[in-house]
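**Q** Handing over start-v4.pdb, PDB, C-alpha atoms.
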ATOM      1  CA  MET A   1      66.800 172.284   6.247
ATOM      2  CA  ASN A   2      70.114 170.609   5.428
ATOM      3  CA  GLY A   3      71.963 169.303   8.427
ATOM      4  CA  MET A   4      68.989 169.731  10.776
ATOM      5  CA  ASP A   5      68.817 167.015  13.456
ATOM      6  CA  MET A   6      65.737 164.906  12.723
ATOM      7  CA  SER A   7      65.850 161.994  15.186
ATOM      8  CA  ASN A   8      68.530 160.495  17.402
ATOM      9  CA  GLY A   9      71.433 161.837  15.374
ATOM     10  CA  LEU A  10      70.038 161.221  11.880
ATOM     11  CA  THR A  11      70.076 164.322   9.703
ATOM     12  CA  VAL A  12      68.331 165.260   6.484
ATOM     13  CA  ASP A  13      71.574 164.735   4.555
ATOM     14  CA  MET A  14      71.953 161.249   6.046
ATOM     15  CA  VAL A  15      68.366 160.372   5.146
ATOM     16  CA  ARG A  16      68.885 161.641   1.577
ATOM     17  CA  THR A  17      71.901 159.336   1.315
ATOM     18  CA  LEU A  18      69.888 156.431   2.724
ATOM     19  CA  ALA A  19      67.077 157.162   0.264
ATOM     20  CA  THR A  20      69.512 157.176  -2.651
ATOM     21  CA  ASP A  21      71.066 153.873  -1.548
ATOM     22  CA  GLU A  22      67.680 152.172  -1.195
ATOM     23  CA  LEU A  23      66.163 153.590  -4.373
ATOM     24  CA  PRO A  24      67.095 150.721  -6.774
ATOM     25  CA  ALA A  25      65.611 148.044  -4.490
ATOM     26  CA  MET A  26      62.583 150.198  -3.838
ATOM     27  CA  ARG A  27      61.959 150.772  -7.544
ATOM     28  CA  GLU A  28      62.087 147.027  -8.160
ATOM     29  CA  GLU A  29      59.693 146.244  -5.299
ATOM     30  CA  LEU A  30      57.194 148.934  -6.303
ATOM     31  CA  ASN A  31      57.712 148.408 -10.051
ATOM     32  CA  CYS A  32      58.661 152.070 -10.380
ATOM     33  CA  LYS A  33      59.750 153.543 -13.700
ATOM     34  CA  GLU A  34      62.782 155.781 -14.078
ATOM     35  CA  GLU A  35      62.620 158.315 -11.220
ATOM     36  CA  GLY A  36      59.244 157.119 -10.010
ATOM     37  CA  CYS A  37      60.135 156.552  -6.358
ATOM     38  CA  ASP A  38      61.842 159.862  -5.639
ATOM     39  CA  SER A  39      58.584 161.555  -4.601
ATOM     40  CA  ILE A  40      58.171 159.021  -1.780
ATOM     41  CA  PHE A  41      61.449 160.110  -0.214
ATOM     42  CA  GLU A  42      60.623 163.769  -0.771
ATOM     43  CA  SER A  43      57.329 163.153   1.031
ATOM     44  CA  PHE A  44      59.230 161.673   3.957
ATOM     45  CA  LEU A  45      61.538 164.683   4.138
ATOM     46  CA  ASP A  46      58.471 166.918   4.200
ATOM     47  CA  HIS A  47      56.926 165.132   7.209
ATOM     48  CA  PRO A  48      59.352 162.525   8.627
ATOM     49  CA  THR A  49      58.195 159.610  10.796
ATOM     50  CA  TRP A  50      60.257 156.779  12.234
ATOM     51  CA  PHE A  51      60.087 153.094  13.145
ATOM     52  CA  CYS A  52      60.991 152.037  16.660
ATOM     53  CA  ASN A  53      64.347 150.681  15.430
ATOM     54  CA  ASN A  54      65.255 154.273  14.435
ATOM     55  CA  GLN A  55      64.827 153.628  10.711
ATOM     56  CA  PRO A  56      62.981 156.258   8.654
ATOM     57  CA  ASN A  57      59.433 155.341   7.614
ATOM     58  CA  VAL A  58      59.599 156.260   3.931
ATOM     59  CA  TRP A  59      56.817 153.952   2.714
ATOM     60  CA  PRO A  60      53.464 155.449   1.769
ATOM     61  CA  GLY A  61      50.478 154.372   3.826
ATOM     62  CA  GLY A  62      46.890 153.510   2.967
ATOM     63  CA  SER A  63      45.396 150.702   0.910
ATOM     64  CA  TRP A  64      42.840 150.092  -1.842
ATOM     65  CA  ILE A  65      40.454 148.255   0.473
ATOM     66  CA  GLY A  66      40.816 150.997   3.091
ATOM     67  CA  HIS A  67      39.308 153.477   0.624
ATOM     68  CA  PHE A  68      36.834 151.189  -1.164
ATOM     69  CA  LEU A  69      35.050 149.934   1.966
ATOM     70  CA  PRO A  70      34.215 153.429   3.318
ATOM     71  CA  GLY A  71      32.873 154.261  -0.128
ATOM     72  CA  LEU A  72      30.603 151.215  -0.023
ATOM     73  CA  LEU A  73      29.475 152.033   3.520
ATOM     74  CA  PHE A  74      28.603 155.662   2.742
ATOM     75  CA  SER A  75      26.850 154.620  -0.475
ATOM     76  CA  LEU A  76      24.607 152.214   1.438
ATOM     77  CA  TRP A  77      24.019 154.798   4.171
ATOM     78  CA  ALA A  78      23.063 157.472   1.625
ATOM     79  CA  THR A  79      20.649 155.042  -0.048
ATOM     80  CA  HIS A  80      19.046 154.266   3.312
ATOM     81  CA  TRP A  81      18.650 157.992   3.998
ATOM     82  CA  MET A  82      17.214 158.655   0.541
ATOM     83  CA  ILE A  83      14.537 155.990   0.900
ATOM     84  CA  GLY A  84      13.620 157.132   4.410
ATOM     85  CA  ILE A  85      13.600 160.863   3.692
ATOM     86  CA  PHE A  86      11.500 160.729   0.535
ATOM     87  CA  ARG A  87       9.057 158.214   1.940
ATOM     88  CA  THR A  88       8.632 160.356   5.053
ATOM     89  CA  TYR A  89       8.137 163.435   2.879
ATOM     90  CA  PHE A  90       5.455 161.918   0.650
ATOM     91  CA  GLU A  91       3.666 160.329   3.614
ATOM     92  CA  SER A  92       3.561 163.712   5.352
ATOM     93  CA  ARG A  93       2.074 165.246   2.183
ATOM     94  CA  LEU A  94      -0.626 162.561   2.084
ATOM     95  CA  ARG A  95      -1.480 163.173   5.742
ATOM     96  CA  GLY A  96      -1.450 166.951   5.285
ATOM     97  CA  VAL A  97       1.200 167.569   7.951
ATOM     98  CA  PRO A  98       4.578 169.350   7.585
ATOM     99  CA  TYR A  99       7.623 167.300   6.725
ATOM    100  CA  MET A 100       9.944 166.929   9.739
ATOM    101  CA  SER A 101      13.556 165.898   9.274
ATOM    102  CA  ARG A 102      15.346 163.493  11.597
ATOM    103  CA  ALA A 103      18.923 162.344  11.891
ATOM    104  CA  ALA A 104      18.131 158.613  11.770
ATOM    105  CA  GLN A 105      15.763 157.127   9.215
ATOM    106  CA  PRO A 106      13.520 154.079   9.684
ATOM    107  CA  PHE A 107      14.027 150.732   7.992
ATOM    108  CA  PHE A 108      10.535 150.470   6.549
ATOM    109  CA  LEU A 109      10.733 146.682   6.281
ATOM    110  CA  PHE A 110      10.656 146.779  10.087
ATOM    111  CA  GLY A 111       7.999 149.461  10.411
ATOM    112  CA  PRO A 112       7.931 153.279  10.385
ATOM    113  CA  ASN A 113       9.215 153.495  13.970
ATOM    114  CA  SER A 114      12.356 151.443  13.320
ATOM    115  CA  TRP A 115      14.627 154.529  13.072
ATOM    116  CA  TYR A 116      16.461 153.311  16.190
ATOM    117  CA  LEU A 117      18.029 150.498  14.122
ATOM    118  CA  GLU A 118      20.208 153.042  12.296
ATOM    119  CA  SER A 119      21.362 154.402  15.659
ATOM    120  CA  ILE A 120      22.184 150.894  16.886
ATOM    121  CA  VAL A 121      24.181 150.251  13.699
ATOM    122  CA  LYS A 122      26.242 153.380  14.450
ATOM    123  CA  LEU A 123      26.827 152.176  18.006
ATOM    124  CA  ILE A 124      28.079 148.817  16.683
ATOM    125  CA  LEU A 125      30.075 149.916  13.654
ATOM    126  CA  ALA A 126      31.994 152.694  15.434
ATOM    127  CA  PRO A 127      33.831 150.362  17.879
ATOM    128  CA  PHE A 128      34.271 147.842  15.060
ATOM    129  CA  GLY A 129      35.907 150.524  12.915
ATOM    130  CA  ILE A 130      38.306 151.394  15.733
ATOM    131  CA  ALA A 131      39.130 147.710  16.191
ATOM    132  CA  MET A 132      39.792 147.348  12.446
ATOM    133  CA  GLU A 133      42.134 150.344  12.406
ATOM    134  CA  LEU A 134      44.107 149.361  15.474
ATOM    135  CA  TYR A 135      43.958 145.550  15.632
ATOM    136  CA  LEU A 136      41.882 143.360  13.302
ATOM    137  CA  ALA A 137      43.318 144.611   9.993
ATOM    138  CA  HIS A 138      46.880 143.950  11.151
ATOM    139  CA  GLY A 139      46.913 140.231  11.738
ATOM    140  CA  GLY A 140      45.741 140.519  15.320
ATOM    141  CA  HIS A 141      48.680 142.726  16.295
ATOM    142  CA  TYR A 142      47.713 145.872  18.186
ATOM    143  CA  ARG A 143      48.959 149.091  16.560
ATOM    144  CA  ARG A 144      50.556 150.561  19.660
ATOM    145  CA  LEU A 145      51.116 154.297  19.650
ATOM    146  CA  MET A 146      54.393 154.452  21.572
ATOM    147  CA  CYS A 147      57.673 152.566  21.186
ATOM    148  CA  ALA A 148      58.254 150.195  24.109
ATOM    149  CA  GLU A 149      61.088 150.203  26.606
ATOM    150  CA  GLY A 150      64.243 148.602  25.274
ATOM    151  CA  GLU A 151      63.644 149.828  21.706
ATOM    152  CA  LEU A 152      65.873 152.503  20.220
ATOM    153  CA  ARG A 153      63.074 155.047  20.163
ATOM    154  CA  ALA A 154      61.456 154.088  23.473
ATOM    155  CA  GLY A 155      58.820 156.615  24.490
ATOM    156  CA  HIS A 156      58.504 158.080  20.964
ATOM    157  CA  LEU A 157      55.519 157.731  18.624
ATOM    158  CA  VAL A 158      55.550 154.716  16.280
ATOM    159  CA  GLY A 159      55.788 156.419  12.894
ATOM    160  CA  ASN A 160      53.862 153.908  10.808
ATOM    161  CA  HIS A 161      51.035 153.616  13.393
ATOM    162  CA  ILE A 162      50.168 157.314  13.704
ATOM    163  CA  ASN A 163      47.793 157.236  10.722
ATOM    164  CA  ASN A 164      45.918 154.268  12.191
ATOM    165  CA  PHE A 165      45.199 156.220  15.363
ATOM    166  CA  GLN A 166      44.358 159.307  13.337
ATOM    167  CA  HIS A 167      41.806 157.396  11.247
ATOM    168  CA  ALA A 168      40.412 155.646  14.330
ATOM    169  CA  SER A 169      39.731 159.061  15.883
ATOM    170  CA  MET A 170      36.807 159.688  13.505
ATOM    171  CA  TYR A 171      34.671 156.816  14.803
ATOM    172  CA  PRO A 172      33.870 157.973  18.386
ATOM    173  CA  ALA A 173      31.844 160.923  17.067
ATOM    174  CA  PHE A 174      29.543 158.541  15.158
ATOM    175  CA  PHE A 175      29.174 156.470  18.344
ATOM    176  CA  VAL A 176      28.122 159.640  20.189
ATOM    177  CA  SER A 177      25.693 160.470  17.365
ATOM    178  CA  GLY A 178      24.028 157.060  17.677
ATOM    179  CA  LEU A 179      23.878 157.388  21.460
ATOM    180  CA  VAL A 180      22.285 160.844  21.271
ATOM    181  CA  ASP A 181      19.727 159.503  18.768
ATOM    182  CA  LEU A 182      18.627 156.830  21.228
ATOM    183  CA  LEU A 183      18.692 159.118  24.261
ATOM    184  CA  GLY A 184      16.508 161.560  22.347
ATOM    185  CA  ALA A 185      13.664 159.042  22.539
ATOM    186  CA  ARG A 186      13.775 159.285  26.354
ATOM    187  CA  VAL A 187      15.217 162.728  27.046
ATOM    188  CA  ASP A 188      13.631 166.006  25.983
ATOM    189  CA  PHE A 189      16.619 167.437  24.086
ATOM    190  CA  PRO A 190      16.396 170.820  22.375
ATOM    191  CA  ARG A 191      15.136 170.493  18.809
ATOM    192  CA  GLY A 192      17.835 169.545  16.320
ATOM    193  CA  VAL A 193      20.400 168.117  18.757
ATOM    194  CA  GLN A 194      20.510 164.808  16.881
ATOM    195  CA  GLN A 195      21.170 166.560  13.560
ATOM    196  CA  ILE A 196      23.872 168.725  15.141
ATOM    197  CA  CYS A 197      25.643 165.645  16.537
ATOM    198  CA  LEU A 198      25.424 163.893  13.171
ATOM    199  CA  GLY A 199      26.809 166.982  11.445
ATOM    200  CA  MET A 200      29.663 167.235  13.947
ATOM    201  CA  ALA A 201      30.597 163.608  13.252
ATOM    202  CA  PHE A 202      30.906 164.365   9.535
ATOM    203  CA  LEU A 203      32.762 167.601  10.295
ATOM    204  CA  ILE A 204      35.375 165.617  12.249
ATOM    205  CA  ASP A 205      35.665 163.320   9.212
ATOM    206  CA  ALA A 206      36.130 166.346   6.971
ATOM    207  CA  LEU A 207      38.854 167.824   9.158
ATOM    208  CA  LEU A 208      40.646 164.471   9.221
ATOM    209  CA  MET A 209      40.685 164.359   5.418
ATOM    210  CA  GLY A 210      41.603 168.007   5.032
ATOM    211  CA  LEU A 211      44.364 168.436   7.587
ATOM    212  CA  HIS A 212      46.544 165.325   7.615
ATOM    213  CA  LYS A 213      49.585 165.144   5.367
ATOM    214  CA  LYS A 214      49.342 163.501   1.951
ATOM    215  CA  HIS A 215      51.987 161.738  -0.127
ATOM    216  CA  THR A 216      51.649 163.190  -3.635
ATOM    217  CA  PRO A 217      49.729 165.985  -5.412
ATOM    218  CA  VAL A 218      47.151 163.498  -6.745
ATOM    219  CA  ASP A 219      46.724 162.053  -3.231
ATOM    220  CA  LEU A 220      46.226 165.601  -1.970
ATOM    221  CA  LEU A 221      43.663 166.340  -4.688
ATOM    222  CA  VAL A 222      41.372 163.372  -4.025
ATOM    223  CA  HIS A 223      41.471 163.911  -0.263
ATOM    224  CA  GLU A 224      40.570 167.568  -0.777
ATOM    225  CA  GLN A 225      37.485 166.420  -2.707
ATOM    226  CA  LEU A 226      36.611 164.109   0.178
ATOM    227  CA  PHE A 227      36.999 167.049   2.562
ATOM    228  CA  TYR A 228      34.552 169.177   0.545
ATOM    229  CA  ALA A 229      32.000 166.346   0.277
ATOM    230  CA  MET A 230      32.178 165.533   3.998
ATOM    231  CA  ALA A 231      31.985 169.208   4.956
ATOM    232  CA  ALA A 232      28.903 169.569   2.750
ATOM    233  CA  THR A 233      27.280 166.573   4.473
ATOM    234  CA  ALA A 234      28.006 168.163   7.847
ATOM    235  CA  LEU A 235      26.601 171.550   6.809
ATOM    236  CA  PHE A 236      23.388 170.057   5.401
ATOM    237  CA  ALA A 237      22.849 167.957   8.542
ATOM    238  CA  MET A 238      23.374 170.930  10.854
ATOM    239  CA  ALA A 239      21.193 173.178   8.675
ATOM    240  CA  GLU A 240      18.359 170.657   9.146
ATOM    241  CA  ALA A 241      18.471 171.467  12.861
ATOM    242  CA  GLY A 242      17.458 175.052  12.096
ATOM    243  CA  TRP A 243      15.041 174.324   9.252
ATOM    244  CA  PRO A 244      13.625 170.847   9.966
ATOM    245  CA  ASN A 245      10.692 171.278   7.567
ATOM    246  CA  ASN A 246      12.899 171.877   4.514
ATOM    247  CA  VAL A 247      13.153 168.610   2.614
ATOM    248  CA  LEU A 248      15.740 170.123   0.252
ATOM    249  CA  LEU A 249      18.263 170.234   3.103
ATOM    250  CA  SER A 250      17.618 166.553   3.802
ATOM    251  CA  ALA A 251      18.033 165.789   0.101
ATOM    252  CA  GLY A 252      21.268 167.796   0.127
ATOM    253  CA  ARG A 253      22.585 165.603   2.938
ATOM    254  CA  VAL A 254      21.835 162.536   0.806
ATOM    255  CA  ALA A 255      23.535 164.010  -2.261
ATOM    256  CA  ALA A 256      26.644 165.011  -0.281
ATOM    257  CA  ALA A 257      26.866 161.535   1.277
ATOM    258  CA  TYR A 258      26.692 159.982  -2.191
ATOM    259  CA  LEU A 259      29.391 162.393  -3.356
ATOM    260  CA  GLN A 260      31.798 161.367  -0.626
ATOM    261  CA  SER A 261      31.147 157.689  -1.328
ATOM    262  CA  MET A 262      31.972 158.258  -5.000
ATOM    263  CA  TRP A 263      35.211 160.038  -4.094
ATOM    264  CA  PHE A 264      36.197 157.147  -1.820
ATOM    265  CA  PHE A 265      35.717 154.804  -4.789
ATOM    266  CA  ALA A 266      37.643 157.212  -7.012
ATOM    267  CA  SER A 267      40.514 157.544  -4.525
ATOM    268  CA  ALA A 268      40.911 153.755  -4.373
ATOM    269  CA  ARG A 269      41.140 153.625  -8.168
ATOM    270  CA  ILE A 270      43.296 156.716  -8.686
ATOM    271  CA  ILE A 271      45.831 156.193  -5.901
ATOM    272  CA  PHE A 272      46.205 152.413  -5.740
ATOM    273  CA  GLU A 273      45.448 150.889  -9.159
ATOM    274  CA  GLY A 274      48.550 152.257 -10.889
ATOM    275  CA  TYR A 275      47.009 153.883 -13.958
ATOM    276  CA  PRO A 276      49.562 155.989 -15.895
ATOM    277  CA  ALA A 277      47.079 158.852 -16.200
ATOM    278  CA  TRP A 278      47.233 159.357 -12.435
ATOM    279  CA  ASP A 279      50.978 158.810 -12.010
ATOM    280  CA  ASP A 280      52.396 162.159 -10.893
ATOM    281  CA  SER A 281      55.835 160.833  -9.919
ATOM    282  CA  ASN A 282      57.276 161.883 -13.275
ATOM    283  CA  GLY A 283      55.435 165.167 -13.591
TER     284      GLY A 283
END
Represent the structure contained in this file as structure tokens.

**A**
Amino acid sequence: MNGMDMSNGLTVDMVRTLATDELPAMREELNCKEEGCDSIFESFLDHPTWFCNNQPNVWPGGSWIGHFLPGLLFSLWATHWMIGIFRTYFESRLRGVPYMSRAAQPFFLFGPNSWYLESIVKLILAPFGIAMELYLAHGGHYRRLMCAEGELRAGHLVGNHINNFQHASMYPAFFVSGLVDLLGARVDFPRGVQQICLGMAFLIDALLMGLHKKHTPVDLLVHEQLFYAMAATALFAMAEAGWPNNVLLSAGRVAAAYLQSMWFFASARIIFEGYPAWDDSNG
């Protein structure tokens, strides 16, 4: 890889030199110990991205709040599902009719037919999530995807904005899921379409967690666990389409959703709280 042209004349050797020159200041800013920042530069060399001024983007992305909030959201969503699924199951037993799964669960404070409120929440939160990723969480500055004319890398991708667009790409599927839920009340869809759409939304989430590059082995590990939990949620939801009377599949969807919420909480703590036990920069 040595000497390979990476971007506008910068080579791997030049970036290694730049990394070495910046290492003392970087250690001080990040409160790194000994060789603790070297893995950041190695991560850049593995999958380089660039700012529009042609400088290498060697800083790791992500934030504590960006992992904690999804964990809180999925925890609340799983709790809502659990209450709805088990109440529906026991009510069906009392009435002597088969349990029937559904993608959206009612808010029983608003009546047994209030399932549409969950679908409306998905329709609202999905655009809000996109806005947070690309605008609101960045001081009102839009995270543009391409460098503008007049900048050194005009027409190229903005290196530190790619992840924002990648994360924003998971929300449209949940918007579609909410829309299909509501249309299902008016349109005679084939049985299980709502569950399939919900499962596909979680499958897109799983692929996002499983396929994008990570910074360190610990980062890779926790995102792999998120991938497995999200994939399990997707599989349980889609299995409900084929076996809608099996309450165990619905319960499995709840358990998998709780699991992914717990791993979001864990990833915030492991990656961003600086505990020595999770510091893999020194082996």

**Q** I would like the residues chosen by the PyMOL selection byres ((chain A and resi 104-106) around 8) on the shown file; could you give them as JSON, numbers by chain?

**A** {"A": [80, 81, 84, 85, 102, 103, 107, 108, 110, 111, 112, 113, 114, 115, 116, 117, 118, 119, 181]}

**Q** Tell me which of A:Ala241, A:Leu208, A:Ala268, A:Ala257 sits closest to Leu73 of chain A, counting all atoms listed in the file.

**A** A:Ala257

**Q** One decimal, Å: what's the distance from atom CA of Lys122 of chain A over to atom CA of Ser75 of chain A, could you say?

**A**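 Here the two named atoms are 15.0 Å from each other.
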
**Q** Point out the residue among A:Ala234, A:Ala277, A:Leu157, A:Leu123 with the least atom-to-atom distance to Leu249 of chain A, counting only C-alpha atoms.

**A**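 Ranked by minimum distance to Leu249 of chain A, first place goes to A:Ala234.
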
**Q** Can you measure atom CA of Ser250 of chain A to atom CA of Phe265 of chain A for me? One decimal in Å is fine.

**A**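 Straight-line distance from atom CA of Ser250 of chain A to atom CA of Phe265 of chain A works out to 23.2 Å.
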
**Q** For this file, the PyMOL selection byres ((chain A and resi 269) around 12) selects which residues, as a PyMOL selection string?

**A** chain A and resi 63-68+71+218-219+222+262-268+270-279

**Q** I'd like the interatomic distance between atom CA of Asp205 of chain A and atom CA of Phe86 of chain A, to a tenth of an Å.

**A**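 So the two atoms, atom CA of Asp205 of chain A and atom CA of Phe86 of chain A, lie 25.8 Å apart.
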
**Q** Rank A:Gly150, A:Gly252, A:Gly210, A:Gly62 by their smallest atom-to-atom distance to Met82 of chain A, using all atoms listed in the file, and report the top residue only.

**A**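 Among the listed residues, A:Gly252 lies closest to Met82 of chain A.
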
**Q** Quick one: residues within 7 Å of Asn53 of chain A, only C-alpha atoms counted, chain neighbours fewer than 3 positions away excluded, as number ranges by chain?

**A** A: 151-153

**Q** May I ask which of the residues A:Ala229, A:Val254, A:Val193, A:Leu259 is the closest one to Thr79 of chain A, counting only C-alpha atoms?

**A** A:Val254

**Q** Decode the PyMOL selection byres ((chain A and resi 203) around 12) for the given file into explicit residues and return them as a ChimeraX atom specification.

**A** /A:170-171,173-174,196-202,204-211,226-238

**Q** Taking all atoms listed in the file into account, which of A:Gly155, A:Gly129, A:Pro190, A:Pro217 comes nearest Pro172 of chain A?

**A**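 That would be A:Gly129, the residue with the smallest distance to Pro172 of chain A.
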
**Q** Find, counting all atoms listed in the file, the residue in A:Arg87, A:His223, A:Arg93, A:His212 that gets nearest to His167 of chain A.

**A**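 Using all atoms listed in the file, His167 of chain A sits closest to A:His212.
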
**Q** If I only want segment 95-113 of chain A, can you write it with N, CA and C atoms, as a CSV table (one decimal), in the first residue's frame?

**A**
chain,number,residue,atom,x,y,z
A,95,ARG,N,-61.6,-14.7,25.4
A,95,ARG,CA,-62.7,-14.7,24.4
A,95,ARG,C,-62.8,-16.1,23.6
A,96,GLY,N,-61.8,-16.9,23.8
A,96,GLY,CA,-61.8,-18.2,23.1
A,96,GLY,C,-61.5,-18.1,21.7
A,97,VAL,N,-60.8,-17.1,21.2
A,97,VAL,CA,-60.4,-17.0,19.8
A,97,VAL,C,-58.9,-17.1,19.7
A,98,PRO,N,-58.3,-17.4,18.5
A,98,PRO,CA,-56.9,-17.6,18.4
A,98,PRO,C,-56.2,-16.2,18.5
A,99,TYR,N,-55.0,-16.2,19.1
A,99,TYR,CA,-54.2,-15.0,19.1
A,99,TYR,C,-53.8,-14.7,17.7
A,100,MET,N,-53.8,-13.4,17.3
A,100,MET,CA,-53.4,-12.9,16.0
A,100,MET,C,-52.4,-11.8,16.2
A,101,SER,N,-51.2,-12.0,15.7
A,101,SER,CA,-50.1,-11.0,15.8
A,101,SER,C,-50.4,-9.8,14.9
A,102,ARG,N,-49.8,-8.7,15.2
A,102,ARG,CA,-49.9,-7.5,14.4
A,102,ARG,C,-48.6,-6.7,14.6
A,103,ALA,N,-48.3,-5.9,13.5
A,103,ALA,CA,-47.0,-5.2,13.6
A,103,ALA,C,-47.1,-4.0,14.6
A,104,ALA,N,-48.2,-3.3,14.6
A,104,ALA,CA,-48.4,-2.2,15.5
A,104,ALA,C,-49.3,-2.6,16.6
A,105,GLN,N,-49.0,-2.2,17.9
A,105,GLN,CA,-49.7,-2.5,19.0
A,105,GLN,C,-50.5,-1.3,19.5
A,106,PRO,N,-51.7,-1.6,20.1
A,106,PRO,CA,-52.5,-0.4,20.6
A,106,PRO,C,-51.9,0.2,21.9
A,107,PHE,N,-52.2,1.5,22.1
A,107,PHE,CA,-52.0,2.1,23.4
A,107,PHE,C,-53.3,2.0,24.2
A,108,PHE,N,-53.3,1.1,25.1
A,108,PHE,CA,-54.6,0.7,25.7
A,108,PHE,C,-55.2,1.8,26.6
A,109,LEU,N,-54.4,2.8,26.9
A,109,LEU,CA,-55.0,4.0,27.6
A,109,LEU,C,-55.9,4.7,26.6
A,110,PHE,N,-55.7,4.5,25.3
A,110,PHE,CA,-56.6,5.2,24.3
A,110,PHE,C,-57.5,4.2,23.6
A,111,GLY,N,-57.6,3.0,24.2
A,111,GLY,CA,-58.6,2.1,23.6
A,111,GLY,C,-57.9,1.0,22.8
A,112,PRO,N,-58.6,-0.2,22.7
A,112,PRO,CA,-57.9,-1.3,22.0
A,112,PRO,C,-57.7,-1.1,20.5
A,113,ASN,N,-58.4,-0.1,19.9
A,113,ASN,CA,-58.2,0.1,18.5
A,113,ASN,C,-57.2,1.3,18.2
